[in-house]
Amino acid sequence: METLETTLKQVHDWANSKISHLAVKAVDLKDPELIEDAESIRREFEEWLDPNIDDHDIASLEFIGEDEI
């Protein structure tokens, strides 16, 4: 089972990678909609991507599946 810290790192890395990929593709294809997509992801993860914020308040719930009841 993955730890919360591992999951958060993966999501952070995915957001950075996706923003960069969309920005490069937008320039290559001259597609302003891709810039809007990249900006939407940046706004969604703005707090996580801000290097000036040292600590984040994160709530996590444990999965309760059918076998767990």
# chains A, B, ... in the order shown; residues from 1 in each chain; ligands from 1

call {"tool": "select_by_dssp", "arguments": {"residues": "chain A", "states": "alpha helix (DSSP H)", "output": "ChimeraX atom specification"}}
result
/A:4-29,32-44,46-49

call {"tool": "write_last_selection", "arguments": {"atoms": "N, CA and C atoms", "output": "CSV table (one decimal), in the first residue's frame"}}
result
chain,number,residue,atom,x,y,z
A,4,LEU,N,0.6,8.1,2.1
A,4,LEU,CA,0.0,9.4,1.6
A,4,LEU,C,1.1,10.3,1.1
A,5,GLU,N,2.3,10.3,1.7
A,5,GLU,CA,3.4,11.1,1.2
A,5,GLU,C,3.8,10.7,-0.2
A,6,THR,N,3.8,9.4,-0.5
A,6,THR,CA,4.2,9.0,-1.9
A,6,THR,C,3.1,9.4,-2.9
A,7,THR,N,1.9,9.3,-2.5
A,7,THR,CA,0.8,9.7,-3.4
A,7,THR,C,0.8,11.2,-3.6
A,8,LEU,N,1.1,12.0,-2.6
A,8,LEU,CA,1.2,13.5,-2.8
A,8,LEU,C,2.3,13.8,-3.7
A,9,LYS,N,3.5,13.2,-3.5
A,9,LYS,CA,4.6,13.4,-4.4
A,9,LYS,C,4.3,13.1,-5.9
A,10,GLN,N,3.6,12.0,-6.1
A,10,GLN,CA,3.2,11.6,-7.4
A,10,GLN,C,2.3,12.6,-8.1
A,11,VAL,N,1.3,13.1,-7.3
A,11,VAL,CA,0.4,14.1,-7.8
A,11,VAL,C,1.1,15.4,-8.1
A,12,HIS,N,2.0,15.8,-7.2
A,12,HIS,CA,2.7,17.0,-7.4
A,12,HIS,C,3.6,16.9,-8.7
A,13,ASP,N,4.3,15.8,-8.9
A,13,ASP,CA,5.1,15.6,-10.1
A,13,ASP,C,4.3,15.5,-11.3
A,14,TRP,N,3.1,14.9,-11.2
A,14,TRP,CA,2.2,14.8,-12.4
A,14,TRP,C,1.7,16.2,-12.8
A,15,ALA,N,1.3,17.0,-11.9
A,15,ALA,CA,0.8,18.4,-12.2
A,15,ALA,C,1.9,19.2,-12.9
A,16,ASN,N,3.1,19.2,-12.3
A,16,ASN,CA,4.2,19.9,-12.9
A,16,ASN,C,4.5,19.4,-14.3
A,17,SER,N,4.6,18.1,-14.5
A,17,SER,CA,4.8,17.5,-15.8
A,17,SER,C,3.7,17.8,-16.8
A,18,LYS,N,2.5,17.7,-16.4
A,18,LYS,CA,1.4,18.0,-17.3
A,18,LYS,C,1.3,19.5,-17.7
A,19,ILE,N,1.6,20.4,-16.8
A,19,ILE,CA,1.6,21.8,-17.1
A,19,ILE,C,2.7,22.1,-18.2
A,20,SER,N,3.9,21.5,-17.9
A,20,SER,CA,5.0,21.7,-18.9
A,20,SER,C,4.7,21.1,-20.2
A,21,HIS,N,4.2,19.9,-20.2
A,21,HIS,CA,3.8,19.3,-21.5
A,21,HIS,C,2.8,20.1,-22.3
A,22,LEU,N,1.8,20.5,-21.6
A,22,LEU,CA,0.7,21.3,-22.3
A,22,LEU,C,1.3,22.6,-22.8
A,23,ALA,N,2.1,23.3,-22.1
A,23,ALA,CA,2.7,24.6,-22.5
A,23,ALA,C,3.6,24.4,-23.7
A,24,VAL,N,4.4,23.4,-23.7
A,24,VAL,CA,5.3,23.1,-24.9
A,24,VAL,C,4.4,22.8,-26.1
A,25,LYS,N,3.5,21.9,-25.9
A,25,LYS,CA,2.6,21.5,-27.0
A,25,LYS,C,1.8,22.7,-27.6
A,26,ALA,N,1.4,23.6,-26.7
A,26,ALA,CA,0.6,24.7,-27.1
A,26,ALA,C,1.5,25.6,-28.0
A,27,VAL,N,2.7,25.8,-27.7
A,27,VAL,CA,3.6,26.6,-28.5
A,27,VAL,C,3.8,25.9,-29.9
A,28,ASP,N,4.1,24.6,-29.8
A,28,ASP,CA,4.4,23.8,-31.0
A,28,ASP,C,3.2,23.9,-32.0
A,29,LEU,N,2.0,23.7,-31.4
A,29,LEU,CA,0.8,23.7,-32.3
A,29,LEU,C,0.1,25.0,-32.4
A,32,PRO,N,-4.0,28.0,-28.3
A,32,PRO,CA,-4.2,28.7,-27.1
A,32,PRO,C,-5.1,28.0,-26.1
A,33,GLU,N,-5.9,27.0,-26.5
A,33,GLU,CA,-6.7,26.2,-25.6
A,33,GLU,C,-5.8,25.4,-24.7
A,34,LEU,N,-4.7,24.9,-25.2
A,34,LEU,CA,-3.8,24.1,-24.4
A,34,LEU,C,-3.1,24.9,-23.3
A,35,ILE,N,-2.9,26.2,-23.6
A,35,ILE,CA,-2.4,27.1,-22.6
A,35,ILE,C,-3.5,27.3,-21.5
A,36,GLU,N,-4.7,27.4,-21.9
A,36,GLU,CA,-5.8,27.5,-20.9
A,36,GLU,C,-5.9,26.2,-20.1
A,37,ASP,N,-5.7,25.1,-20.7
A,37,ASP,CA,-5.7,23.8,-19.9
A,37,ASP,C,-4.5,23.8,-18.9
A,38,ALA,N,-3.4,24.2,-19.3
A,38,ALA,CA,-2.2,24.2,-18.4
A,38,ALA,C,-2.5,25.2,-17.3
A,39,GLU,N,-3.0,26.3,-17.6
A,39,GLU,CA,-3.3,27.3,-16.6
A,39,GLU,C,-4.4,26.8,-15.6
A,40,SER,N,-5.3,26.1,-16.1
A,40,SER,CA,-6.4,25.5,-15.2
A,40,SER,C,-5.7,24.5,-14.2
A,41,ILE,N,-4.8,23.7,-14.7
A,41,ILE,CA,-4.1,22.8,-13.8
A,41,ILE,C,-3.3,23.5,-12.8
A,42,ARG,N,-2.6,24.6,-13.2
A,42,ARG,CA,-1.8,25.4,-12.3
A,42,ARG,C,-2.6,26.0,-11.2
A,43,ARG,N,-3.8,26.6,-11.6
A,43,ARG,CA,-4.7,27.2,-10.6
A,43,ARG,C,-5.2,26.1,-9.6
A,44,GLU,N,-5.5,24.9,-10.1
A,44,GLU,CA,-6.0,23.9,-9.2
A,44,GLU,C,-5.0,23.5,-8.2
A,46,GLU,N,-2.3,25.3,-7.3
A,46,GLU,CA,-1.5,26.5,-7.0
A,46,GLU,C,-0.8,26.5,-5.6
A,47,GLU,N,-1.5,26.1,-4.6
A,47,GLU,CA,-1.0,26.0,-3.3
A,47,GLU,C,0.1,25.0,-3.2
A,48,TRP,N,0.0,23.9,-3.8
A,48,TRP,CA,1.0,22.8,-3.8
A,48,TRP,C,2.2,23.2,-4.5
A,49,LEU,N,2.1,24.0,-5.5
A,49,LEU,CA,3.2,24.3,-6.4
A,49,LEU,C,4.0,25.6,-5.9

call {"tool": "decode", "arguments": {"residues": "region 8-20 of chain A", "atoms": "all heavy atoms", "output": "mmCIF file, in the first residue's frame"}}
result
data_model
loop_
_atom_site.group_PDB
_atom_site.id
_atom_site.type_symbol
_atom_site.label_atom_id
_atom_site.label_comp_id
_atom_site.auth_asym_id
_atom_site.auth_seq_id
_atom_site.Cartn_x
_atom_site.Cartn_y
_atom_site.Cartn_z
ATOM 1 N N LEU A 8 1.075 12.006 -2.616
ATOM 2 C CA LEU A 8 1.165 13.463 -2.783
ATOM 3 C C LEU A 8 2.325 13.841 -3.696
ATOM 4 O O LEU A 8 2.196 14.731 -4.540
ATOM 5 C CB LEU A 8 1.310 14.150 -1.423
ATOM 6 C CG LEU A 8 0.107 14.041 -0.495
ATOM 7 C CD1 LEU A 8 0.438 14.644 0.863
ATOM 8 C CD2 LEU A 8 -1.128 14.672 -1.093
ATOM 9 N N LYS A 9 3.460 13.162 -3.546
ATOM 10 C CA LYS A 9 4.622 13.424 -4.407
ATOM 11 C C LYS A 9 4.289 13.092 -5.851
ATOM 12 O O LYS A 9 4.627 13.856 -6.766
ATOM 13 C CB LYS A 9 5.817 12.586 -3.921
ATOM 14 C CG LYS A 9 7.037 12.636 -4.822
ATOM 15 C CD LYS A 9 7.865 13.860 -4.553
ATOM 16 C CE LYS A 9 9.201 13.773 -5.267
ATOM 17 N NZ LYS A 9 9.287 14.601 -6.438
ATOM 18 N N GLN A 10 3.612 11.968 -6.080
ATOM 19 C CA GLN A 10 3.241 11.580 -7.446
ATOM 20 C C GLN A 10 2.295 12.602 -8.075
ATOM 21 O O GLN A 10 2.453 12.961 -9.244
ATOM 22 C CB GLN A 10 2.584 10.193 -7.455
ATOM 23 C CG GLN A 10 3.553 9.078 -7.184
ATOM 24 C CD GLN A 10 2.852 7.739 -7.025
ATOM 25 O OE1 GLN A 10 1.649 7.654 -6.804
ATOM 26 N NE2 GLN A 10 3.634 6.666 -7.122
ATOM 27 N N VAL A 11 1.328 13.081 -7.312
ATOM 28 C CA VAL A 11 0.377 14.065 -7.830
ATOM 29 C C VAL A 11 1.084 15.386 -8.120
ATOM 30 O O VAL A 11 0.847 16.022 -9.150
ATOM 31 C CB VAL A 11 -0.806 14.261 -6.854
ATOM 32 C CG1 VAL A 11 -1.689 15.417 -7.284
ATOM 33 C CG2 VAL A 11 -1.615 12.983 -6.743
ATOM 34 N N HIS A 12 1.969 15.801 -7.238
ATOM 35 C CA HIS A 12 2.742 17.027 -7.438
ATOM 36 C C HIS A 12 3.574 16.933 -8.714
ATOM 37 O O HIS A 12 3.573 17.841 -9.551
ATOM 38 C CB HIS A 12 3.648 17.258 -6.226
ATOM 39 C CG HIS A 12 4.522 18.452 -6.343
ATOM 40 N ND1 HIS A 12 5.780 18.394 -6.904
ATOM 41 C CD2 HIS A 12 4.331 19.742 -5.990
ATOM 42 C CE1 HIS A 12 6.322 19.590 -6.886
ATOM 43 N NE2 HIS A 12 5.467 20.428 -6.326
ATOM 44 N N ASP A 13 4.270 15.810 -8.872
ATOM 45 C CA ASP A 13 5.104 15.610 -10.055
ATOM 46 C C ASP A 13 4.262 15.546 -11.329
ATOM 47 O O ASP A 13 4.639 16.087 -12.368
ATOM 48 C CB ASP A 13 5.946 14.341 -9.925
ATOM 49 C CG ASP A 13 7.003 14.454 -8.846
ATOM 50 O OD1 ASP A 13 7.256 15.576 -8.356
ATOM 51 O OD2 ASP A 13 7.575 13.399 -8.487
ATOM 52 N N TRP A 14 3.093 14.880 -11.243
ATOM 53 C CA TRP A 14 2.199 14.794 -12.400
ATOM 54 C C TRP A 14 1.742 16.199 -12.821
ATOM 55 O O TRP A 14 1.761 16.526 -14.006
ATOM 56 C CB TRP A 14 0.972 13.929 -12.094
ATOM 57 C CG TRP A 14 -0.035 13.991 -13.201
ATOM 58 C CD1 TRP A 14 -0.055 13.220 -14.319
ATOM 59 C CD2 TRP A 14 -1.127 14.904 -13.320
ATOM 60 N NE1 TRP A 14 -1.102 13.597 -15.129
ATOM 61 C CE2 TRP A 14 -1.778 14.637 -14.535
ATOM 62 C CE3 TRP A 14 -1.616 15.938 -12.510
ATOM 63 C CZ2 TRP A 14 -2.889 15.344 -14.963
ATOM 64 C CZ3 TRP A 14 -2.729 16.645 -12.937
ATOM 65 C CH2 TRP A 14 -3.352 16.349 -14.142
ATOM 66 N N ALA A 15 1.325 17.013 -11.856
ATOM 67 C CA ALA A 15 0.833 18.364 -12.169
ATOM 68 C C ALA A 15 1.928 19.183 -12.857
ATOM 69 O O ALA A 15 1.677 19.817 -13.881
ATOM 70 C CB ALA A 15 0.350 19.066 -10.898
ATOM 71 N N ASN A 16 3.137 19.170 -12.306
ATOM 72 C CA ASN A 16 4.237 19.911 -12.927
ATOM 73 C C ASN A 16 4.524 19.412 -14.340
ATOM 74 O O ASN A 16 4.702 20.203 -15.271
ATOM 75 C CB ASN A 16 5.509 19.790 -12.084
ATOM 76 C CG ASN A 16 5.579 20.815 -11.003
ATOM 77 O OD1 ASN A 16 5.115 21.938 -11.161
ATOM 78 N ND2 ASN A 16 6.158 20.452 -9.887
ATOM 79 N N SER A 17 4.550 18.100 -14.499
ATOM 80 C CA SER A 17 4.834 17.505 -15.801
ATOM 81 C C SER A 17 3.746 17.847 -16.818
ATOM 82 O O SER A 17 4.026 18.202 -17.964
ATOM 83 C CB SER A 17 4.968 15.991 -15.643
ATOM 84 O OG SER A 17 5.137 15.380 -16.894
ATOM 85 N N LYS A 18 2.492 17.746 -16.405
ATOM 86 C CA LYS A 18 1.364 18.010 -17.308
ATOM 87 C C LYS A 18 1.336 19.477 -17.726
ATOM 88 O O LYS A 18 1.091 19.792 -18.895
ATOM 89 C CB LYS A 18 0.059 17.608 -16.625
ATOM 90 C CG LYS A 18 -1.123 17.613 -17.536
ATOM 91 C CD LYS A 18 -1.006 16.516 -18.582
ATOM 92 C CE LYS A 18 -2.274 16.408 -19.382
ATOM 93 N NZ LYS A 18 -2.182 15.410 -20.443
ATOM 94 N N ILE A 19 1.594 20.373 -16.799
ATOM 95 C CA ILE A 19 1.627 21.804 -17.122
ATOM 96 C C ILE A 19 2.716 22.080 -18.155
ATOM 97 O O ILE A 19 2.480 22.760 -19.156
ATOM 98 C CB ILE A 19 1.843 22.649 -15.846
ATOM 99 C CG1 ILE A 19 0.605 22.568 -14.949
ATOM 100 C CG2 ILE A 19 2.174 24.097 -16.196
ATOM 101 C CD1 ILE A 19 0.834 23.086 -13.544
ATOM 102 N N SER A 20 3.901 21.532 -17.926
ATOM 103 C CA SER A 20 5.007 21.733 -18.863
ATOM 104 C C SER A 20 4.695 21.142 -20.233
ATOM 105 O O SER A 20 4.923 21.775 -21.270
ATOM 106 C CB SER A 20 6.285 21.100 -18.323
ATOM 107 O OG SER A 20 6.690 21.733 -17.152
#
